[in-house]
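Colleague: So that you have it, the file is protein-v6.pdb, and it contains PDB, C-alpha atoms:
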```pdb
ATOM      1  CA  MET D   2     -34.568   0.801  28.475
ATOM      2  CA  THR D   3     -37.706   2.683  27.445
ATOM      3  CA  PRO D   4     -39.440   5.081  29.852
ATOM      4  CA  PRO D   5     -43.211   4.900  30.409
ATOM      5  CA  PRO D   6     -45.284   6.629  27.695
ATOM      6  CA  LEU D   7     -45.592  10.351  28.248
ATOM      7  CA  GLY D   8     -48.553  11.333  30.316
ATOM      8  CA  ARG D   9     -49.285   7.904  31.779
ATOM      9  CA  PRO D  10     -49.151   8.023  35.585
ATOM     10  CA  ARG D  11     -47.100   5.477  37.455
ATOM     11  CA  ARG D  12     -48.519   3.886  40.582
ATOM     12  CA  LYS D  13     -46.781   4.891  43.779
ATOM     13  CA  GLY D  14     -43.888   2.543  44.509
ATOM     14  CA  GLU D  15     -43.928   1.009  41.019
ATOM     15  CA  PRO D  16     -40.418   0.839  39.521
ATOM     16  CA  SER D  17     -39.845   3.248  36.666
ATOM     17  CA  PHE D  18     -36.958   1.470  34.896
ATOM     18  CA  ASP D  19     -36.277   4.927  33.505
ATOM     19  CA  PRO D  20     -32.651   5.489  32.424
ATOM     20  CA  ALA D  21     -32.971   9.130  33.507
ATOM     21  CA  LEU D  22     -33.156   7.828  37.108
ATOM     22  CA  ASP D  23     -33.938  10.673  39.530
ATOM     23  CA  ASP D  24     -32.624  13.500  37.325
ATOM     24  CA  LEU D  25     -35.846  15.519  37.020
ATOM     25  CA  PRO D  26     -34.367  18.318  34.859
ATOM     26  CA  LEU D  27     -33.210  15.601  32.460
ATOM     27  CA  VAL D  28     -36.682  14.065  32.396
ATOM     28  CA  ALA D  29     -38.149  17.467  31.503
ATOM     29  CA  ALA D  30     -35.571  18.092  28.762
ATOM     30  CA  ARG D  31     -36.137  14.620  27.319
ATOM     31  CA  ASP D  32     -39.901  15.145  27.239
ATOM     32  CA  ALA D  33     -39.359  18.452  25.444
ATOM     33  CA  LEU D  34     -37.022  16.772  22.949
ATOM     34  CA  HIS D  35     -39.713  14.189  22.208
ATOM     35  CA  LYS D  36     -41.878  17.154  21.172
ATOM     36  CA  GLY D  37     -39.158  18.796  19.099
ATOM     37  CA  ARG D  38     -38.060  21.456  21.587
ATOM     38  CA  TRP D  39     -34.291  21.024  21.465
ATOM     39  CA  SER D  40     -33.715  24.357  23.220
ATOM     40  CA  ASP D  41     -34.494  22.685  26.572
ATOM     41  CA  ALA D  42     -31.702  20.147  25.971
ATOM     42  CA  ARG D  43     -29.399  22.981  24.934
ATOM     43  CA  ARG D  44     -30.063  24.834  28.170
ATOM     44  CA  LEU D  45     -29.689  21.680  30.293
ATOM     45  CA  LEU D  46     -26.321  20.793  28.759
ATOM     46  CA  ALA D  47     -25.082  24.371  29.138
ATOM     47  CA  GLU D  48     -25.957  24.202  32.843
ATOM     48  CA  THR D  49     -24.219  20.819  33.146
ATOM     49  CA  GLY D  50     -20.904  22.265  32.012
ATOM     50  CA  GLU D  51     -17.873  20.053  32.658
ATOM     51  CA  ASP D  52     -19.488  17.752  35.193
ATOM     52  CA  TRP D  53     -18.443  14.890  32.939
ATOM     53  CA  ASP D  54     -20.319  12.064  34.648
ATOM     54  CA  ARG D  55     -23.534  14.085  34.626
ATOM     55  CA  ARG D  56     -22.949  15.263  31.074
ATOM     56  CA  GLY D  57     -22.395  11.706  29.851
ATOM     57  CA  HIS D  58     -25.475  10.474  31.709
ATOM     58  CA  ARG D  59     -27.667  13.216  30.296
ATOM     59  CA  LEU D  60     -26.437  12.913  26.718
ATOM     60  CA  ALA D  61     -26.820   9.127  26.730
ATOM     61  CA  VAL D  62     -30.427   9.430  27.922
ATOM     62  CA  LEU D  63     -31.212  12.192  25.426
ATOM     63  CA  GLY D  64     -29.535  10.183  22.669
ATOM     64  CA  GLU D  65     -31.921   7.286  23.253
ATOM     65  CA  VAL D  66     -34.875   9.468  22.212
ATOM     66  CA  ARG D  67     -35.960   8.112  18.836
ATOM     67  CA  THR D  68     -36.133  11.591  17.295
ATOM     68  CA  SER D  69     -32.881  12.866  18.829
ATOM     69  CA  VAL D  70     -30.951  12.690  15.554
ATOM     70  CA  ALA D  71     -33.511  14.785  13.689
ATOM     71  CA  TRP D  72     -33.646  17.461  16.390
ATOM     72  CA  ALA D  73     -29.866  17.485  16.855
ATOM     73  CA  ARG D  74     -29.570  18.240  13.139
ATOM     74  CA  GLU D  75     -32.042  21.115  13.558
ATOM     75  CA  TRP D  76     -29.920  22.383  16.428
ATOM     76  CA  GLN D  77     -26.783  22.152  14.297
ATOM     77  CA  LEU D  78     -28.425  24.192  11.530
ATOM     78  CA  ALA D  79     -29.035  26.941  14.074
ATOM     79  CA  GLU D  80     -25.622  26.593  15.767
ATOM     80  CA  PRO D  81     -23.131  24.870  13.423
ATOM     81  CA  ASP D  82     -20.250  25.162  15.900
ATOM     82  CA  SER D  83     -22.111  23.732  18.895
ATOM     83  CA  SER D  84     -20.166  20.837  20.386
ATOM     84  CA  ALA D  85     -23.216  19.886  22.471
ATOM     85  CA  ALA D  86     -25.351  19.552  19.331
ATOM     86  CA  ALA D  87     -22.636  17.474  17.653
ATOM     87  CA  THR D  88     -22.356  15.201  20.687
ATOM     88  CA  LEU D  89     -26.125  14.741  20.912
ATOM     89  CA  LEU D  90     -26.113  13.863  17.211
ATOM     90  CA  ALA D  91     -23.296  11.367  17.839
ATOM     91  CA  CYS D  92     -25.129   9.745  20.753
ATOM     92  CA  GLY D  93     -28.380   9.563  18.829
ATOM     93  CA  THR D  94     -26.657   7.995  15.827
ATOM     94  CA  VAL D  95     -24.946   5.441  18.095
ATOM     95  CA  PHE D  96     -28.300   4.321  19.494
ATOM     96  CA  ARG D  97     -29.712   4.127  15.958
ATOM     97  CA  ALA D  98     -26.751   1.942  14.965
ATOM     98  CA  LEU D  99     -27.280  -0.294  18.007
ATOM     99  CA  ARG D 100     -30.926  -0.679  16.947
ATOM    100  CA  GLY D 101     -29.791  -1.618  13.415
ATOM    101  CA  GLN D 102     -31.145   1.591  11.870
ATOM    102  CA  ASP D 103     -27.808   3.118  10.842
ATOM    103  CA  PRO D 104     -24.443   1.574   9.908
ATOM    104  CA  PRO D 105     -21.863   1.602  12.715
ATOM    105  CA  GLU D 106     -19.464   3.474  10.451
ATOM    106  CA  ALA D 107     -21.839   6.461  10.326
ATOM    107  CA  ALA D 108     -22.099   6.498  14.106
ATOM    108  CA  ARG D 109     -18.336   6.224  14.484
ATOM    109  CA  ALA D 110     -17.817   9.185  12.146
ATOM    110  CA  ARG D 111     -20.285  11.293  14.156
ATOM    111  CA  CYS D 112     -18.459  10.462  17.386
ATOM    112  CA  LEU D 113     -15.080  11.448  15.969
ATOM    113  CA  ALA D 114     -16.523  14.683  14.575
ATOM    114  CA  ALA D 115     -17.961  15.556  17.984
ATOM    115  CA  ALA D 116     -14.645  14.717  19.656
ATOM    116  CA  GLN D 117     -12.873  17.211  17.380
ATOM    117  CA  LEU D 118     -15.274  19.966  18.403
ATOM    118  CA  ALA D 119     -14.921  19.179  22.123
ATOM    119  CA  PRO D 120     -11.403  17.781  22.699
ATOM    120  CA  ARG D 121     -11.714  17.864  26.520
ATOM    121  CA  ASP D 122     -15.120  16.190  26.683
ATOM    122  CA  PRO D 123     -15.064  12.401  27.267
ATOM    123  CA  THR D 124     -18.695  12.042  26.126
ATOM    124  CA  PRO D 125     -18.041  11.508  22.389
ATOM    125  CA  TRP D 126     -15.629   8.740  23.389
ATOM    126  CA  LEU D 127     -18.226   7.326  25.773
ATOM    127  CA  ALA D 128     -20.599   7.180  22.804
ATOM    128  CA  LEU D 129     -17.896   5.404  20.808
ATOM    129  CA  LEU D 130     -17.464   2.931  23.686
ATOM    130  CA  LEU D 131     -21.231   2.294  23.718
ATOM    131  CA  LEU D 132     -21.008   1.612  19.993
ATOM    132  CA  ALA D 133     -17.991  -0.692  20.391
ATOM    133  CA  ARG D 134     -19.771  -2.530  23.225
ATOM    134  CA  GLY D 135     -22.453  -3.539  20.747
ATOM    135  CA  THR D 136     -20.662  -3.740  17.423
ATOM    136  CA  GLY D 137     -16.902  -3.481  17.908
ATOM    137  CA  THR D 138     -13.857  -5.504  18.847
ATOM    138  CA  ASP D 139     -11.986  -5.792  22.135
ATOM    139  CA  ASP D 140      -9.313  -3.453  20.781
ATOM    140  CA  GLU D 141     -11.885  -0.839  19.767
ATOM    141  CA  ARG D 142     -13.466  -0.972  23.219
ATOM    142  CA  ALA D 143     -10.109  -0.636  24.926
ATOM    143  CA  ARG D 144      -9.111   2.339  22.756
ATOM    144  CA  ALA D 145     -12.385   4.158  23.410
ATOM    145  CA  PHE D 146     -12.129   3.465  27.143
ATOM    146  CA  ASP D 147      -8.568   4.780  27.243
ATOM    147  CA  GLN D 148      -9.722   7.997  25.546
ATOM    148  CA  VAL D 149     -12.482   8.450  28.130
ATOM    149  CA  ARG D 150     -10.075   7.839  31.027
ATOM    150  CA  ALA D 151      -7.550  10.271  29.584
ATOM    151  CA  ARG D 152     -10.193  12.987  29.965
ATOM    152  CA  HIS D 153     -11.921  11.812  33.148
ATOM    153  CA  PRO D 154     -10.126   8.976  34.991
ATOM    154  CA  ASP D 155     -13.086   8.105  37.245
ATOM    155  CA  HIS D 156     -15.761   8.051  34.530
ATOM    156  CA  HIS D 157     -18.539   5.955  36.021
ATOM    157  CA  HIS D 158     -20.435   4.831  32.913
ATOM    158  CA  ALA D 159     -17.277   3.940  31.015
ATOM    159  CA  HIS D 160     -16.042   1.725  33.856
ATOM    160  CA  HIS D 161     -19.410  -0.051  34.022
ATOM    161  CA  LEU D 162     -19.276  -0.699  30.278
ATOM    162  CA  MET D 163     -15.753  -2.090  30.461
ATOM    163  CA  ALA D 164     -16.681  -4.332  33.391
ATOM    164  CA  ALA D 165     -19.535  -5.782  31.332
ATOM    165  CA  CYS D 166     -17.214  -6.313  28.344
ATOM    166  CA  LEU D 167     -14.402  -7.926  30.312
ATOM    167  CA  ALA D 168     -16.790 -10.209  32.197
ATOM    168  CA  GLU D 169     -17.695 -11.847  28.891
ATOM    169  CA  HIS D 170     -14.184 -13.217  28.373
ATOM    170  CA  GLN D 171     -14.494 -16.935  29.115
ATOM    171  CA  ARG D 172     -11.586 -19.353  28.660
ATOM    172  CA  ASP D 173     -12.792 -22.501  30.398
ATOM    173  CA  ASP D 174     -15.795 -24.074  32.113
ATOM    174  CA  ARG D 175     -15.584 -22.370  35.493
ATOM    175  CA  ASP D 176     -15.365 -19.029  37.242
ATOM    176  CA  ASP D 177     -11.780 -17.970  37.762
ATOM    177  CA  PRO D 178     -11.295 -16.001  41.012
ATOM    178  CA  LEU D 179      -8.402 -14.279  39.239
ATOM    179  CA  HIS D 180     -10.527 -13.353  36.215
ATOM    180  CA  GLU D 181      -9.492 -10.090  34.594
ATOM    181  CA  VAL D 182     -12.801  -8.364  35.346
ATOM    182  CA  TYR D 183     -12.225  -8.787  39.071
ATOM    183  CA  ASP D 184      -8.710  -7.388  38.750
ATOM    184  CA  PHE D 185      -9.969  -4.492  36.629
ATOM    185  CA  ALA D 186     -12.692  -3.568  39.128
ATOM    186  CA  ALA D 187     -10.362  -3.838  42.124
ATOM    187  CA  TRP D 188      -7.770  -1.682  40.364
ATOM    188  CA  ALA D 189     -10.362   0.974  39.444
ATOM    189  CA  ALA D 190     -11.752   1.085  42.979
ATOM    190  CA  GLU D 191      -8.274   1.358  44.512
ATOM    191  CA  GLN D 192      -7.042   4.158  42.254
ATOM    192  CA  ALA D 193     -10.191   6.267  42.579
ATOM    193  CA  PRO D 194     -10.645   8.936  45.278
ATOM    194  CA  ALA D 195     -12.107   7.734  48.570
ATOM    195  CA  ASP D 196     -15.546   9.221  47.836
ATOM    196  CA  SER D 197     -15.744   7.850  44.286
ATOM    197  CA  ALA D 198     -18.705   5.649  43.361
ATOM    198  CA  LEU D 199     -16.196   3.355  41.661
ATOM    199  CA  ALA D 200     -15.868   1.784  45.110
ATOM    200  CA  VAL D 201     -18.927  -0.273  44.126
ATOM    201  CA  LEU D 202     -17.414  -1.443  40.806
ATOM    202  CA  PRO D 203     -16.200  -4.786  42.258
ATOM    203  CA  VAL D 204     -19.844  -5.588  43.060
ATOM    204  CA  VAL D 205     -20.802  -4.690  39.493
ATOM    205  CA  ALA D 206     -18.038  -6.943  38.160
ATOM    206  CA  HIS D 207     -19.317  -9.797  40.318
ATOM    207  CA  ALA D 208     -22.835  -9.447  38.927
ATOM    208  CA  GLU D 209     -21.606  -9.201  35.336
ATOM    209  CA  ARG D 210     -19.597 -12.403  35.762
ATOM    210  CA  TYR D 211     -22.669 -14.144  37.147
ATOM    211  CA  ARG D 212     -24.658 -13.039  34.075
ATOM    212  CA  VAL D 213     -22.061 -14.599  31.782
ATOM    213  CA  LEU D 214     -21.629 -17.811  33.794
ATOM    214  CA  ALA D 215     -25.353 -18.443  34.226
ATOM    215  CA  ARG D 216     -26.133 -17.858  30.557
ATOM    216  CA  ALA D 217     -23.355 -20.282  29.640
ATOM    217  CA  GLY D 218     -24.782 -22.926  31.984
ATOM    218  CA  LEU D 219     -21.791 -22.664  34.313
ATOM    219  CA  ALA D 220     -23.775 -21.313  37.286
ATOM    220  CA  ASP D 221     -27.274 -21.938  38.601
ATOM    221  CA  ARG D 222     -29.802 -19.672  36.912
ATOM    222  CA  ASP D 223     -31.296 -18.895  40.319
ATOM    223  CA  PRO D 224     -28.971 -16.186  41.679
ATOM    224  CA  THR D 225     -29.384 -17.255  45.300
ATOM    225  CA  ALA D 226     -28.979 -20.966  44.600
ATOM    226  CA  SER D 227     -25.861 -20.269  42.548
ATOM    227  CA  GLY D 228     -23.837 -19.411  45.649
ATOM    228  CA  HIS D 229     -22.062 -16.782  43.564
ATOM    229  CA  TRP D 230     -22.442 -14.141  46.292
ATOM    230  CA  THR D 231     -21.542 -16.315  49.287
ATOM    231  CA  THR D 232     -17.899 -17.184  48.693
ATOM    232  CA  GLN D 233     -15.370 -15.641  51.045
ATOM    233  CA  ARG D 234     -14.040 -13.387  48.330
ATOM    234  CA  ALA D 235     -17.538 -12.250  47.337
ATOM    235  CA  ARG D 236     -18.457 -11.460  50.940
ATOM    236  CA  GLN D 237     -15.325  -9.336  51.301
ATOM    237  CA  VAL D 238     -16.229  -7.392  48.173
ATOM    238  CA  MET D 239     -19.826  -6.859  49.309
ATOM    239  CA  LYS D 240     -18.776  -5.757  52.807
ATOM    240  CA  ALA D 241     -16.282  -3.238  51.477
ATOM    241  CA  ALA D 242     -18.879  -1.739  49.130
ATOM    242  CA  PHE D 243     -21.580  -1.623  51.808
ATOM    243  CA  ASP D 244     -19.199   0.009  54.275
ATOM    244  CA  TRP D 245     -18.351   2.585  51.611
ATOM    245  CA  TRP D 246     -22.047   3.319  51.129
ATOM    246  CA  LEU D 247     -22.563   3.804  54.880
ATOM    247  CA  GLU D 248     -19.701   6.305  54.956
ATOM    248  CA  TRP D 249     -20.309   8.174  51.720
ATOM    249  CA  ASP D 250     -24.053   7.911  51.041
ATOM    250  CA  GLU D 251     -25.349  11.230  49.830
ATOM    251  CA  ASP D 252     -28.632  12.964  50.493
ATOM    252  CA  ALA D 253     -31.016  11.854  47.740
ATOM    253  CA  ASP D 254     -32.388  15.420  47.583
ATOM    254  CA  ASP D 255     -28.962  16.948  47.081
ATOM    255  CA  GLY D 256     -28.606  17.994  43.470
ATOM    256  CA  ALA D 257     -24.830  17.649  43.720
ATOM    257  CA  CYS D 258     -24.878  13.884  44.341
ATOM    258  CA  HIS D 259     -23.641  11.437  41.722
ATOM    259  CA  PRO D 260     -26.068  11.213  38.780
ATOM    260  CA  ARG D 261     -25.776   7.415  38.488
ATOM    261  CA  ARG D 262     -25.699   6.527  42.192
ATOM    262  CA  LYS D 263     -29.016   4.671  41.930
ATOM    263  CA  ILE D 264     -27.396   2.204  39.526
ATOM    264  CA  ASP D 265     -24.754   1.344  42.107
ATOM    265  CA  LEU D 266     -27.399   0.926  44.811
ATOM    266  CA  ASN D 267     -29.324  -1.502  42.599
ATOM    267  CA  TYR D 268     -26.240  -3.669  42.147
ATOM    268  CA  LEU D 269     -25.456  -3.518  45.853
ATOM    269  CA  ALA D 270     -29.032  -4.307  46.951
ATOM    270  CA  HIS D 271     -29.164  -7.234  44.522
ATOM    271  CA  ALA D 272     -25.837  -8.540  45.861
ATOM    272  CA  LYS D 273     -26.880  -8.228  49.497
ATOM    273  CA  LEU D 274     -30.162 -10.017  48.806
ATOM    274  CA  HIS D 275     -28.421 -13.015  47.220
ATOM    275  CA  GLU D 276     -25.642 -12.956  49.797
ATOM    276  CA  GLY D 277     -28.346 -13.570  52.403
ATOM    277  CA  ARG D 278     -28.189 -10.182  54.146
ATOM    278  CA  PRO D 279     -31.876  -9.146  54.121
ATOM    279  CA  ALA D 280     -31.592  -6.178  56.504
ATOM    280  CA  GLU D 281     -28.882  -4.580  54.409
ATOM    281  CA  ALA D 282     -30.733  -5.349  51.169
ATOM    282  CA  ALA D 283     -33.909  -3.795  52.597
ATOM    283  CA  ALA D 284     -32.080  -0.625  53.615
ATOM    284  CA  LEU D 285     -30.666  -0.281  50.121
ATOM    285  CA  LEU D 286     -33.997  -0.921  48.400
ATOM    286  CA  GLY D 287     -35.541   1.730  50.598
ATOM    287  CA  ARG D 288     -32.853   4.175  49.466
ATOM    288  CA  ILE D 289     -33.412   3.271  45.826
ATOM    289  CA  GLY D 290     -37.128   4.030  45.974
ATOM    290  CA  PRO D 291     -38.805   3.815  42.565
ATOM    291  CA  TYR D 292     -35.541   4.220  40.644
ATOM    292  CA  VAL D 293     -34.956   0.556  39.887
ATOM    293  CA  THR D 294     -32.715  -0.483  36.997
ATOM    294  CA  PRO D 295     -33.291  -3.625  34.887
ATOM    295  CA  ALA D 296     -29.682  -4.736  35.487
ATOM    296  CA  PRO D 297     -28.840  -6.691  37.566
ATOM    297  CA  TRP D 298     -32.384  -7.760  38.542
ATOM    298  CA  SER D 299     -32.809  -9.255  35.071
ATOM    299  CA  TYR D 300     -29.695 -11.472  35.349
ATOM    300  CA  PRO D 301     -29.295 -13.946  33.823
ATOM    301  CA  ASP D 302     -32.587 -13.785  31.867
ATOM    302  CA  ARG D 303     -35.257 -12.956  34.446
ATOM    303  CA  ASP D 304     -38.136 -10.497  34.209
ATOM    304  CA  PRO D 305     -36.791  -7.632  36.361
ATOM    305  CA  ARG D 306     -40.253  -6.639  37.574
ATOM    306  CA  GLN D 307     -40.966 -10.162  38.776
ATOM    307  CA  ALA D 308     -37.505 -10.414  40.363
ATOM    308  CA  LEU D 309     -38.067  -7.134  42.180
ATOM    309  CA  ARG D 310     -41.525  -8.175  43.377
ATOM    310  CA  ALA D 311     -40.045 -11.413  44.738
ATOM    311  CA  ALA D 312     -37.341  -9.436  46.539
ATOM    312  CA  ARG D 313     -39.868  -7.071  48.079
ATOM    313  CA  ARG D 314     -42.090  -9.921  49.198
ATOM    314  CA  LEU D 315     -39.112 -11.535  50.890
ATOM    315  CA  LEU D 316     -37.832  -8.353  52.494
ATOM    316  CA  PHE D 317     -41.003  -6.408  53.255
ATOM    317  CA  GLY D 318     -43.855  -8.886  52.819
ATOM    318  CA  THR D 319     -45.187  -6.844  49.886
ATOM    319  CA  GLY D 320     -44.888  -7.010  46.100
TER     320      GLY D 320
END
```
As structure tokens - that is how I would like this structure written.
Modeller:
Amino acid sequence: MTPPPLGRPRRKGEPSFDPALDDLPLVAARDALHKGRWSDARRLLAETGEDWDRRGHRLAVLGEVRTSVAWAREWQLAEPDSSAAATLLACGTVFRALRGQDPPEAARARCLAAAQLAPRDPTPWLALLLLARGTGTDDERARAFDQVRARHPDHHHAHHLMAACLAEHQRDDRDDPLHEVYDFAAWAAEQAPADSALAVLPVVAHAERYRVLARAGLADRDPTASGHWTTQRARQVMKAAFDWWLEWDEDADDGACHPRRKIDLNYLAHAKLHEGRPAEAAALLGRIGPYVTPAPWSYPDRDPRQALRAARRLLFGTG
């Protein structure tokens, strides 16, 4: 996911598809990193402290900057013992490996080096899970996920990654209501605290399974026509997640709210739209605002902008 070029204004209401979402301090630090000012990232990460979900979100977004590896090395020259610099270098090298610019082994070594410098921080292991998601085995993904959970049991990004990985396990020519991804998501939601955003993970799992089934030709490529969101089990999952949102929705202007909450709202709005609940979908899209994410609107292989325009036309009469 690539943000709009620096300096180009975005029309009001146009989706940003920016992985930084609504984290404006992160956007500022990323822009500074593009220009070689790593001190802004240093200050941002120092302020983030041990808010592990926010730290992982911010380091993943900073790591996607094409020049992040070069500037992280500059930072390390100035502060050789900085665990934040080592983790930024690890994240940047992971994204280079995923783009085919560096060997996975180099990225893996950077992640392990960062983990040694920051033994309590799950972020180096999150980076290793991102790497394993693209280049590793099931065992490597499971090991990295276990290391993240050992440090932060409710880690949002790690659970999303594992849901996507598990959804891709396909043993026959149908959707199994007892598929492991559904069990995994239900387990994660049940063991998490009542206010945890992992309550929406079963909806995420449902969308990830649809992506896999539709791409394999086992479900209609039109999400609504597929009926994937209208089974009794699916409706129960969607209702539980929507009820959770009504109870625990946070003020969008509150800096303490979950850094990746907009991702959950995208999955929930998409699910409600294809479940045939337009009022609920409209309320969620209104809460999302411009912070639209490509997934799941792109599933199985749609243009997310066109899918979003179609949804807005249906719900609001506008594109």
Colleague: With 8 Å as the cut-off and all atoms listed in the file counted, what is the closest atom pair between each nearby residue of segment 19-98 of chain D and segment 131-141 of chain D? Distances in Å to one decimal, ordered by chain and number, as CSV.
Modeller:
```
residue,atom,partner,partner_atom,distance
D:Val95,CA,D:Leu132,CA,5.8
D:Phe96,CA,D:Leu132,CA,7.8
D:Ala98,CA,D:Leu132,CA,7.6
```
Colleague: Calculated over only C-alpha atoms, which of the candidates D:Tyr300, D:Arg67, D:Leu269, D:His160 has the smallest distance to Leu214 of chain D?
Modeller: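 Looking at the shortest contact to Leu214 of chain D, the residue is D:Tyr300.
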Colleague: On this structure, which residues satisfy the PyMOL selection byres ((chain D and resi 150-158) around 9), written as a list in words?
Modeller: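 What the PyMOL selection byres ((chain D and resi 150-158) around 9) grabs from the file is Trp53, Asp54, Gly57, His58, Pro120, Arg121, Asp122, Pro123, Leu127, Ala145, Phe146, Asp147, Gln148, Val149, Ala159, His160, His161, Leu162, Met163, Ala189, Gln192, Ala193, Pro194, Ser197, Ala198, Leu199, Leu202 and Arg261 of chain D.
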Colleague: I need the residue set behind the PyMOL selection byres ((chain D and resi 31) around 9) for this file; please write it as a list in words.
Modeller: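 Taken over the shown coordinates, the PyMOL selection byres ((chain D and resi 31) around 9) returns Ala21, Pro26, Leu27, Val28, Ala29, Ala30, Asp32, Ala33, Leu34, His35, Lys36, Trp39, Asp41, Ala42, Val62, Leu63 and Val66 of chain D.
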Colleague: How would the residues just picked look written out with C-alpha atoms as a PDB file, keeping the file's coordinate frame?
Modeller:
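Contents of the output file out.pdb:
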```pdb
ATOM      1  CA  ALA D  21     -32.971   9.130  33.507  1.00  0.00           C
ATOM      2  CA  PRO D  26     -34.367  18.318  34.859  1.00  0.00           C
ATOM      3  CA  LEU D  27     -33.210  15.601  32.460  1.00  0.00           C
ATOM      4  CA  VAL D  28     -36.682  14.065  32.396  1.00  0.00           C
ATOM      5  CA  ALA D  29     -38.149  17.467  31.503  1.00  0.00           C
ATOM      6  CA  ALA D  30     -35.571  18.092  28.762  1.00  0.00           C
ATOM      7  CA  ASP D  32     -39.901  15.145  27.239  1.00  0.00           C
ATOM      8  CA  ALA D  33     -39.359  18.452  25.444  1.00  0.00           C
ATOM      9  CA  LEU D  34     -37.022  16.772  22.949  1.00  0.00           C
ATOM     10  CA  HIS D  35     -39.713  14.189  22.208  1.00  0.00           C
ATOM     11  CA  LYS D  36     -41.878  17.154  21.172  1.00  0.00           C
ATOM     12  CA  TRP D  39     -34.291  21.024  21.465  1.00  0.00           C
ATOM     13  CA  ASP D  41     -34.494  22.685  26.572  1.00  0.00           C
ATOM     14  CA  ALA D  42     -31.702  20.147  25.971  1.00  0.00           C
ATOM     15  CA  VAL D  62     -30.427   9.430  27.922  1.00  0.00           C
ATOM     16  CA  LEU D  63     -31.212  12.192  25.426  1.00  0.00           C
ATOM     17  CA  VAL D  66     -34.875   9.468  22.212  1.00  0.00           C
TER      18      VAL D  66
END
```
Colleague: The PyMOL selection byres ((chain D and resi 316) around 10) - which residues does that actually catch in the file I just gave you? List them as a list in words.
Modeller: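 Listing what the PyMOL selection byres ((chain D and resi 316) around 10) selects in the shown file: Leu274, Arg278, Pro279, Ala280, Glu281, Ala282, Ala283, Ala284, Leu286, Arg310, Ala311, Ala312, Arg313, Arg314, Leu315, Phe317, Gly318, Thr319 and Gly320 of chain D.
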Colleague: In Å to one decimal, how far is atom CA of Glu169 of chain D from atom CA of Val213 of chain D?
Modeller: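 That distance, rounded to one decimal, is 5.9 Å.
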Colleague: So how far away is atom CA of Arg234 of chain D from atom CA of Asp174 of chain D, in Å?
Modeller: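 Those two atoms sit 19.5 Å apart.
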Colleague: Given all atoms listed in the file as the basis, pick out the residue of D:Gln237, D:Thr94, D:Thr88, D:Ser17 nearest to Trp76 of chain D.
Modeller: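 Closest to Trp76 of chain D of all the choices is D:Thr88.
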Colleague: Quick one: residues within 10 Å of (-23.0, 25.8, 12.5) (file frame), counting only C-alpha atoms, please, as a CSV table (one decimal) with C-alpha atoms, keeping the file's coordinate frame.
Modeller:
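New file selection-v7.csv:
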```csv
chain,number,residue,atom,x,y,z
D,76,TRP,CA,-29.9,22.4,16.4
D,77,GLN,CA,-26.8,22.2,14.3
D,78,LEU,CA,-28.4,24.2,11.5
D,79,ALA,CA,-29.0,26.9,14.1
D,80,GLU,CA,-25.6,26.6,15.8
D,81,PRO,CA,-23.1,24.9,13.4
D,82,ASP,CA,-20.2,25.2,15.9
D,83,SER,CA,-22.1,23.7,18.9
D,84,SER,CA,-20.2,20.8,20.4
D,86,ALA,CA,-25.4,19.6,19.3
D,87,ALA,CA,-22.6,17.5,17.7
```
Colleague: Just the residues within 12 Å of segment 295-298 of chain D, please, counting only C-alpha atoms, with nothing from its chain fewer than 3 positions along; format it as a ChimeraX atom specification.
Modeller: /D:2-4,16-20,22,161,165,204-213,223-224,263-272,274-275,292,301-312
Colleague: Could I get segment 190-210 of chain D from the block written as an mmCIF file, in the first residue's frame, with C-alpha atoms?
Modeller:
```
data_model
loop_
_atom_site.group_PDB
_atom_site.id
_atom_site.type_symbol
_atom_site.label_atom_id
_atom_site.label_comp_id
_atom_site.auth_asym_id
_atom_site.auth_seq_id
_atom_site.Cartn_x
_atom_site.Cartn_y
_atom_site.Cartn_z
ATOM 1 C CA ALA D 190 -11.910 -13.168 20.391
ATOM 2 C CA GLU D 191 -13.017 -15.217 23.408
ATOM 3 C CA GLN D 192 -9.699 -15.060 25.258
ATOM 4 C CA ALA D 193 -9.179 -11.332 24.706
ATOM 5 C CA PRO D 194 -10.421 -8.668 27.150
ATOM 6 C CA ALA D 195 -13.960 -7.416 26.581
ATOM 7 C CA ASP D 196 -12.782 -4.125 25.044
ATOM 8 C CA SER D 197 -10.226 -5.744 22.726
ATOM 9 C CA ALA D 198 -10.501 -5.083 18.991
ATOM 10 C CA LEU D 199 -9.901 -8.804 18.504
ATOM 11 C CA ALA D 200 -13.673 -9.081 18.921
ATOM 12 C CA VAL D 201 -13.835 -8.275 15.195
ATOM 13 C CA LEU D 202 -11.325 -11.000 14.216
ATOM 14 C CA PRO D 203 -14.065 -13.541 13.321
ATOM 15 C CA VAL D 204 -15.288 -11.065 10.687
ATOM 16 C CA VAL D 205 -11.737 -10.750 9.367
ATOM 17 C CA ALA D 206 -11.436 -14.542 9.207
ATOM 18 C CA HIS D 207 -14.691 -14.722 7.254
ATOM 19 C CA ALA D 208 -13.435 -12.231 4.676
ATOM 20 C CA GLU D 209 -10.064 -13.962 4.351
ATOM 21 C CA ARG D 210 -11.790 -17.289 3.701
#
```
